[in-house]
Amino acid sequence: MTTAYAVVIPTLAGDTLADALAALAAARGTKPREIVLVDDRPAPDPDASAHPLDVLGDLRSRTTVLYGGGRGPAAARNLGLRAVASAWVVFLADDVQAGPYWCEQLTRDLEAAAPDTAGVQGVIAVPLPGRRRPTDAERDAVARARARWITADMAYRTDALKQLRGFDERLRHAQREDTDLALRLLGAGWRIRQGRRTSRLTVRPADRWASVRAQCGHADDALMLRLHGAGWWHKAVARRGRIRAHLAVSATGAAACVLAAAGRRRAAALAALGWAAGTAEFAWARIAPGPRTGDEVLTLTVSSALIPPTATWYWLAGLWRHRGAPAWQDVAP
């Protein structure tokens with residue numbers, strides 16, 4: 001069956017998993033032949049009852065639980081990929097709920113795929129509050145849902161992925177592994193198109209330091225530079241981000257400290273002023289579009305001071321760690 005499909009869901013077994021599985025089970029249409037749930041917690045509970053599989057109903061018999069060992073989303077998806085035998089594999093995020101007609105719409109998406117189409121992306125909606133402006137975390141969720149080739153709801157031909165050896169497991173954090181895979185597929189002559197099936201992304205509550213921890217993704221950006229060249233942002237139609245501004249702000253902050261330690265107070269004051277101006281501009285760029293509540297303003301102000309040096313650290317560490325990585329075209333299949 002050329003449209004037979006499997007569903008692979010990497011998860012850390014969070015609160016959204018049960019709703020994601022329940023929505024998949026409730027969706028109308030031809031059900032997945034296989035469901036692979038990859039538990040990527042570093043030390044998961046081996047007891048299957050720790051997973052809310054009962055919500056799958058009859059689909060539970062088609063479900064396999066694998067343990068990824070906390071090696072990141074790319075490795076988790078590859079583990080799921082190796083376990084499926086269907087012609088298509090659909091990657092869903094554990095915070096994405098399939099729409100009520102998702103299975104039916106997916107079948108139509110796959111039937112309409114031309115022989116040179118390797119992937120068909122779903123349409124992901126993000127419910128936002130209507131009576132206030134979205135928070136920084138909510139805006140990030142919208143950007144994630146709109147990102148090109150995001151595997152929050154992406155169907156791929158299983159053979160196409162296996163020919164390219166799946167996701168690059170050196171990309172340890174979410175999103176860039178999706179972009180890298182898509183660029184390699186396109187470079188190999190495949191096409192990826194937009195489908196019509198719909199799903200919904202749940203906005204998870206974010207703690208005060210979530211945006212700071214997210215800067216670890218800059219190490220993946222450094223590897224993307226090695227793999228796909230300086231123009232990979234344009235190829236992927238992706239946001240370039242603020243790494244250059246973060247490098248500049250971090251440099252002025254470091255210079256202020258060094259100059260102060262050397263007793264050059266005036267030069268240190270000028271450097272500190274540059275750091276403060278850059279930090280203030282970054283903070284306001286994040287605060288202005290939001291609800292501007294006291295807690296939101298405090299969170300964004302503090303995190304905006306911490307993000308530039310954190311991003312700089314991960315970017316430079318990534319450049320060093322991947323300094324010898326060849327472009328993907330130079331790697332023998």
# chains A, B, ... in the order shown; residues from 1 in each chain; ligands from 1
>>> residues_around(residues="Arg226 (chain A)", least_positions_apart="5", cutoff="12 Å", atoms="only C-alpha atoms", output="list in words")
Asp180, Ala219, Asp220, Asp221, Gly231, Trp232, Gly318, Leu319, Trp320, Arg321, His322, Arg323, Gly324, Ala325, Pro326, Ala327, Trp328, Gln329 and Asp330 of chain A
>>> residues_around(residues="region 236-251 of chain A", least_positions_apart="3", cutoff="8 Å", atoms="only C-alpha atoms", output="PyMOL selection string")
chain A and resi 147-148+179+183+232-233+254-255+274-275+278-279+307-309+311-312
>>> write_last_selection(atoms="all heavy atoms", output="short mmCIF file (atom, residue, chain, number, x, y, z; two decimals), in the first residue's frame")
data_model
loop_
_atom_site.label_atom_id
_atom_site.label_comp_id
_atom_site.auth_asym_id
_atom_site.auth_seq_id
_atom_site.Cartn_x
_atom_site.Cartn_y
_atom_site.Cartn_z
N ALA A 147 7.17 27.43 10.88
CA ALA A 147 8.49 27.16 10.31
C ALA A 147 8.39 26.15 9.18
O ALA A 147 7.62 25.18 9.24
CB ALA A 147 9.44 26.65 11.39
N ARG A 148 9.16 26.38 8.16
CA ARG A 148 9.17 25.47 7.02
C ARG A 148 9.81 24.14 7.42
O ARG A 148 10.84 24.11 8.08
CB ARG A 148 9.95 26.11 5.86
CG ARG A 148 9.99 25.26 4.62
CD ARG A 148 10.61 26.00 3.46
NE ARG A 148 9.75 27.05 2.95
CZ ARG A 148 9.92 27.66 1.78
NH1 ARG A 148 10.93 27.30 1.00
NH2 ARG A 148 9.10 28.60 1.38
N THR A 179 15.44 21.25 9.43
CA THR A 179 15.92 22.05 8.31
C THR A 179 17.03 21.34 7.56
O THR A 179 17.05 21.31 6.32
CB THR A 179 16.42 23.42 8.81
OG1 THR A 179 15.37 24.06 9.55
CG2 THR A 179 16.85 24.31 7.66
N LEU A 183 16.91 20.25 3.59
CA LEU A 183 17.88 20.78 2.63
C LEU A 183 18.62 19.65 1.92
O LEU A 183 18.91 19.73 0.72
CB LEU A 183 18.87 21.70 3.34
CG LEU A 183 18.31 23.05 3.81
CD1 LEU A 183 19.37 23.83 4.57
CD2 LEU A 183 17.78 23.87 2.63
N TRP A 232 22.71 29.29 4.28
CA TRP A 232 21.68 28.31 4.60
C TRP A 232 20.41 28.96 5.11
O TRP A 232 19.31 28.43 4.93
CB TRP A 232 22.20 27.28 5.60
CG TRP A 232 22.32 27.74 7.02
CD1 TRP A 232 23.41 28.26 7.63
CD2 TRP A 232 21.30 27.66 8.03
NE1 TRP A 232 23.14 28.54 8.95
CE2 TRP A 232 21.85 28.18 9.22
CE3 TRP A 232 19.97 27.23 8.04
CZ2 TRP A 232 21.12 28.26 10.41
CZ3 TRP A 232 19.24 27.31 9.23
CH2 TRP A 232 19.82 27.82 10.39
N TRP A 233 20.51 30.14 5.74
CA TRP A 233 19.32 30.85 6.21
C TRP A 233 18.38 31.14 5.04
O TRP A 233 17.17 30.97 5.16
CB TRP A 233 19.72 32.18 6.86
CG TRP A 233 20.67 32.07 8.00
CD1 TRP A 233 22.04 32.12 7.94
CD2 TRP A 233 20.34 31.90 9.38
NE1 TRP A 233 22.58 31.99 9.20
CE2 TRP A 233 21.56 31.86 10.09
CE3 TRP A 233 19.14 31.79 10.07
CZ2 TRP A 233 21.60 31.71 11.47
CZ3 TRP A 233 19.18 31.64 11.45
CH2 TRP A 233 20.39 31.60 12.13
N ALA A 254 32.11 42.26 27.96
CA ALA A 254 33.42 41.73 28.36
C ALA A 254 34.47 42.82 28.36
O ALA A 254 35.33 42.89 29.26
CB ALA A 254 33.82 40.60 27.40
N ALA A 255 34.41 43.71 27.36
CA ALA A 255 35.37 44.81 27.31
C ALA A 255 35.23 45.73 28.51
O ALA A 255 36.23 46.20 29.07
CB ALA A 255 35.18 45.60 26.02
N GLY A 274 27.53 50.97 26.09
CA GLY A 274 27.18 50.23 24.88
C GLY A 274 26.49 48.93 25.20
O GLY A 274 25.51 48.54 24.53
N TRP A 275 26.98 48.22 26.24
CA TRP A 275 26.33 46.97 26.66
C TRP A 275 24.91 47.23 27.13
O TRP A 275 23.97 46.51 26.75
CB TRP A 275 27.14 46.33 27.78
CG TRP A 275 26.42 45.16 28.40
CD1 TRP A 275 26.42 43.88 27.97
CD2 TRP A 275 25.56 45.20 29.55
NE1 TRP A 275 25.61 43.09 28.77
CE2 TRP A 275 25.08 43.89 29.75
CE3 TRP A 275 25.17 46.21 30.42
CZ2 TRP A 275 24.21 43.56 30.79
CZ3 TRP A 275 24.29 45.89 31.46
CH2 TRP A 275 23.84 44.58 31.64
N GLY A 278 22.59 48.04 24.14
CA GLY A 278 22.26 46.85 23.37
C GLY A 278 21.30 45.94 24.11
O GLY A 278 20.37 45.38 23.51
N THR A 279 21.51 45.77 25.42
CA THR A 279 20.63 44.92 26.22
C THR A 279 19.23 45.53 26.30
O THR A 279 18.22 44.81 26.20
CB THR A 279 21.21 44.74 27.63
OG1 THR A 279 22.51 44.13 27.53
CG2 THR A 279 20.31 43.86 28.48
N ILE A 307 20.73 36.27 27.85
CA ILE A 307 20.71 35.58 26.56
C ILE A 307 21.94 35.88 25.71
O ILE A 307 22.55 34.95 25.15
CB ILE A 307 19.40 35.90 25.80
CG1 ILE A 307 18.26 35.09 26.41
CG2 ILE A 307 19.53 35.59 24.30
CD1 ILE A 307 16.89 35.41 25.82
N PRO A 308 22.38 37.15 25.54
CA PRO A 308 23.54 37.39 24.66
C PRO A 308 24.79 36.60 25.04
O PRO A 308 25.38 35.94 24.17
CB PRO A 308 23.73 38.90 24.75
CG PRO A 308 22.36 39.43 25.02
CD PRO A 308 21.75 38.42 25.95
N PRO A 309 25.23 36.62 26.32
CA PRO A 309 26.43 35.82 26.62
C PRO A 309 26.20 34.32 26.50
O PRO A 309 27.11 33.58 26.10
CB PRO A 309 26.78 36.22 28.06
CG PRO A 309 25.52 36.76 28.63
CD PRO A 309 24.81 37.42 27.49
N ALA A 311 24.07 32.81 24.37
CA ALA A 311 24.07 32.51 22.94
C ALA A 311 25.48 32.54 22.37
O ALA A 311 25.86 31.69 21.55
CB ALA A 311 23.19 33.52 22.20
N THR A 312 26.27 33.53 22.80
CA THR A 312 27.65 33.64 22.33
C THR A 312 28.45 32.41 22.72
O THR A 312 29.21 31.87 21.91
CB THR A 312 28.31 34.90 22.92
OG1 THR A 312 27.61 36.06 22.44
CG2 THR A 312 29.77 34.99 22.55
#
>>> residues_around(residues="region 4-11 of chain A", least_positions_apart="6", cutoff="6 Å", atoms="only C-alpha atoms", output="count of residues only")
20
>>> atom_distance(atom1="CA of Ala280 (chain A)", atom2="CA of Thr301 (chain A)")
8.1 Å
>>> atom_distance(atom1="CA of Asp58 (chain A)", atom2="CA of Ala27 (chain A)")
12.9 Å
>>> select_by_dssp(residues="region 75-245 of chain A", states="strand (DSSP E)", output="count of residues only")
33
